[in-house]
Amino acid sequence: MRFSQIFGHTLKEAPSDAQAVSHQYLIRGGYIHQVAAGLFSYLPLARRVLNKIEGILHEEMAMIGGQEVTMPVVLPADMWQESGRWYQIGSEMTRLKDRKDHDMVLAMTHEEALCDLARKYIRSHKELPQLVYHIQTKWRDDPRPRAGLIRVREFKMKDSYSLDTSWEGLDKQYRAHYQSYFNIFNRCGLDVLAVKSDTGMMGGKVAHEFMYLTPIGEDTIIYCDSCGYNSNRQVAEFMKPEAVKEEPAEIEKVKTPDCKTIEDLAKFLSIPESKTAKAVFMVATIQEDNNTEIEKFILAILRGDMDLNETKLSNAVKAKELRPAHEDEIKAVGAVPGYGSPVGVKNAFVVVDELAAESTNLVGGANEEGYHLLNVNCGRDFKPNLVTDIAAAEAGYKCINCGSELKSEKAVEVGNIFKLGTRYSEAMNVTYQDENGKLLPVIMGSYGIGVGRLLSCVVEQHHDDYGIIWPVSIAPFHVHIVLLHDKKGTEAQETAEALYSDLQAAGIEVLIDDRKESPGVKFNDADLVGIPVRLTVGRRSLDNGGVEFKIRGEKDSEIIPVDQVVDKLQGVLDMLKNDIRDRIKTVEYKD
RNA sequence: CGGAAUGUUGCCUAGUGGCUAAGGCGCCUGCUUUGGGAGCAGGAAAUCGGAGGUUCGAGUCCUCUCAUUCCGACCA
């Protein structure tokens with residue numbers, strides 16, 4: 001490819017909207033163009049990178065027995081109604097009508113489409129197990145796209161779906177993906193961590209997320225250095241401190257003016273926050289069996305020094321949605337914001353964190369402006385509807401496994417794997433006949449990787465102050481020839497052009513900067529675009545005996561005689577490819 | 001959906017209510033130059049996001065609206 005002919009061009013300055021490094025470099029390098037919030041066009045350079053990534057995805061999927069299919073982006077609504085997600089998912093899913101006034105949806109993911117396919121083609125246990133996948137466009141009308149390609153509305157996803165007759169079979173395919181995903185990310189040069197995660201809108205039982213650690217990430221992971229425990233904060237467990245158990249004392253109302261927060265209250269009464277009870281008012285939307293929805297007022301109680309984990313609470317009460325309660329809703333159950341507790345409250349579903357339930361003589365709200373109650377005891381002074389773990393893990397808490405101090409880190413989710421089980425197959429009647437002729441639901445798994453997000457995370461991990469440094473495995477080109485025109489002769493140009501043909505003939509992907517630009521412009525663009533090897537051909541290099549050979553990201557360069565360039569390049573590219581290959585390791589599966 | 005910020009040419013920015021909206025980068029033409037974002041000369045490119053309003057006069061003030069970004073809610 002000739003630089004002079006590439007569709008798109010580099011920019012000296014990034015648009016002021018671009019904040020994330022990957023966003024800036026991808027725009028400045030002429031890789032992507034933003035069309036609207038969360039919508040991007042991919043220009044030829046980016047397309048080449050995507051092709052490389054997709055190539056790796058195809059190879060790794062083939063390795064675990066995946067068969068490629070393609071399912072539509074626009075899907076009839078009825079299959080989403082069958083699975084129930086038509087009703088569960090809100091405005092994130094775009095619904096439309098076709099010319100015949102049929103409800104249609106833009107696919108956010110393809111469980112339903114796959115189930116519909118499977119129930120028409122899978123008949124017998126002899127046809128299982130199966131693994132199918134595609135790399136297909138998803139549309140999710142995300143309320144908050146951000147950071148370039150990190151969080152977008154339209155994106156390509158590699159999604160695979162496993163179909164099995166047994167849970168053991170599912171486990172096998174799940175573990176195969178677990179390893180395969182590490183291989184994929186490693187081959188792309190991205191360091192990831194697999195963490196346990198919530199199953200979210202996918203439903204199902206077990207899930208892992210593959211996380212790239214970066215401060216620009218939106219997820220928080222909690223991990224333990226000493227035993228290796230790690231988890232998305234949404235589901236992270238931790239060892240709770242021993243509850244303080246005293247003889248329950250008489251309940252007593254005390255005046256506590258202007259103590260609307262736990263912090264103020266603890267200060268005012270000169271007690272530790274752990275001696276208080278925190279009340280959090282939420283409203284859960286709960287779907288009943290007959291597809292009707294009800295709103296349930298939830299009163300969550302935690303020990304004062306802990307925070308509520310909304311995902312845990314949401315799962316505990318099986319909520320479809322969970323939101324903070326409005327002030328009038330709080331008052332309607334007889335509680336007072338800032339001075340709330342379950343004591344004397346009616347028509348609230350009280351969920352108490354284990355630790356708060358075990359603790360004695362806590363200070364809780366009196367449900368009266370300016371008053372709290374001393375010596376509140378769960379069970380005696382109020383009856384919990386549910387006692388479970390609803391506390392959010394924090395760095396500094398103790399590891400559930402080994403008791404060491406937990407740490408936390410921000411991360412971007414680049415992939416996920418779900419054990420769906422029969423969540424969809426039962427709803428959509430995806431069955432097979434077993435050896436006895438009995439109809440049984442297929443046991444499913446689903447596995448996703450966001451391709452563009454992966455690309456941008458690689459840029460986040462591999463760049464310097466001048467631009468991108470592509471891992472050779474996904475670089476748009478292997479070699480970038482920088483031709484420096486020489487007024488006094490044509491040798492540089494002839495040499496560069498000859499190299500360009502020779503390298504192409506040798507099967508090396510080469511970009512030649514044949515533009516009539518000054519050396520500075522070309523060097524800066526080469527750094528920005530980030531191709532692994534740069535060959536500079538100019539008067540000076542020729543006088544020194546050849547062409548300048550430089551690996552992107554390394555300081556030093558060397559002069560290589562022209563007739564040795566192809567050999568040298570092949571050696572270096574092999575070396576770079578081996579570095580990538582060396583990253584691939586068998587990982588230990590962690591449940 | 002809440003909070004905040006910003007919209008001036010392809011990109012970055014300047015622009016006290018007052019003359020024909022200014023500069024840099026980039027782009028086009030010509031000359032010159034070629035090892036780290038060169039120089040000279042000429043040129044094209046803006047209905048100042050949009051709609052109303054205040055005013056003798058609005059890029060500038062007011063109202064509404066749209067868009068984008070950031071923080072939250074949300075999110076596989």
# chains A, B, ... in the order shown; residues from 1 in each chain; ligands from 1
call {"tool": "residues_around", "arguments": {"residues": "A:Glu60", "least_positions_apart": "4", "cutoff": "7 Å", "atoms": "only C-alpha atoms (C1' of nucleotides)", "output": "JSON, numbers by chain"}}
result
{"A": [56, 64, 180, 184]}
call {"tool": "closest_atom_pairs", "arguments": {"of": "chain A", "to": "chain B", "cutoff": "7 Å", "atoms": "only C-alpha atoms (C1' of nucleotides)", "output": "JSON lines"}}
result
{"residue": "A:Glu13", "atom": "CA", "partner": "B:C11", "partner_atom": "C1'", "distance": 6.5}
{"residue": "A:Pro15", "atom": "CA", "partner": "B:C11", "partner_atom": "C1'", "distance": 6.5}
{"residue": "A:Asp17", "atom": "CA", "partner": "B:U69", "partner_atom": "C1'", "distance": 5.5}
{"residue": "A:Asp142", "atom": "CA", "partner": "B:C75", "partner_atom": "C1'", "distance": 6.8}
{"residue": "A:Pro143", "atom": "CA", "partner": "B:C74", "partner_atom": "C1'", "distance": 6.7}
{"residue": "A:Leu484", "atom": "CA", "partner": "B:U34", "partner_atom": "C1'", "distance": 6.6}
{"residue": "A:His485", "atom": "CA", "partner": "B:U34", "partner_atom": "C1'", "distance": 6.1}
{"residue": "A:Asp486", "atom": "CA", "partner": "B:U34", "partner_atom": "C1'", "distance": 6.4}
{"residue": "A:Ser518", "atom": "CA", "partner": "B:U34", "partner_atom": "C1'", "distance": 5.6}
{"residue": "A:Pro519", "atom": "CA", "partner": "B:G35", "partner_atom": "C1'", "distance": 6.1}
{"residue": "A:Gly520", "atom": "CA", "partner": "B:G36", "partner_atom": "C1'", "distance": 4.1}
{"residue": "A:Val521", "atom": "CA", "partner": "B:G37", "partner_atom": "C1'", "distance": 4.8}
{"residue": "A:Phe523", "atom": "CA", "partner": "B:G36", "partner_atom": "C1'", "distance": 6.2}
{"residue": "A:Asn524", "atom": "CA", "partner": "B:G37", "partner_atom": "C1'", "distance": 6.8}
call {"tool": "atom_distance", "arguments": {"atom1": "atom CA of A:Val529", "atom2": "atom CA of A:Val547"}}
result
20.2 Å
call {"tool": "residues_around", "arguments": {"residues": "stretch 326-339 of chain A", "least_positions_apart": "2", "cutoff": "12 Å", "atoms": "only C-alpha atoms (C1' of nucleotides)", "output": "PyMOL selection string"}}
result
chain A and resi 253-265+276-283+295-299+323-324+341-350+363-373
call {"tool": "atom_distance", "arguments": {"atom1": "atom CA of A:Tyr397", "atom2": "atom CA of A:Gly228"}}
result
14.9 Å
call {"tool": "select_by_dssp", "arguments": {"residues": "stretch 13-257 of chain A", "states": "strand (DSSP E or B)", "output": "PyMOL selection string"}}
result
chain A and resi 32-36+39-42+67-68+74-76+95-97+103-106+124+130-139+146+151+154-164+193-196+206-213+219-224+230-232+239+252-255
call {"tool": "select_by_dssp", "arguments": {"residues": "stretch 117-365 of chain A", "states": "alpha helix (DSSP H)", "output": "VMD selection string"}}
result
chain A and resid 117 to 121 167 to 187 262 to 269 310 to 316 327 to 332 354 to 358
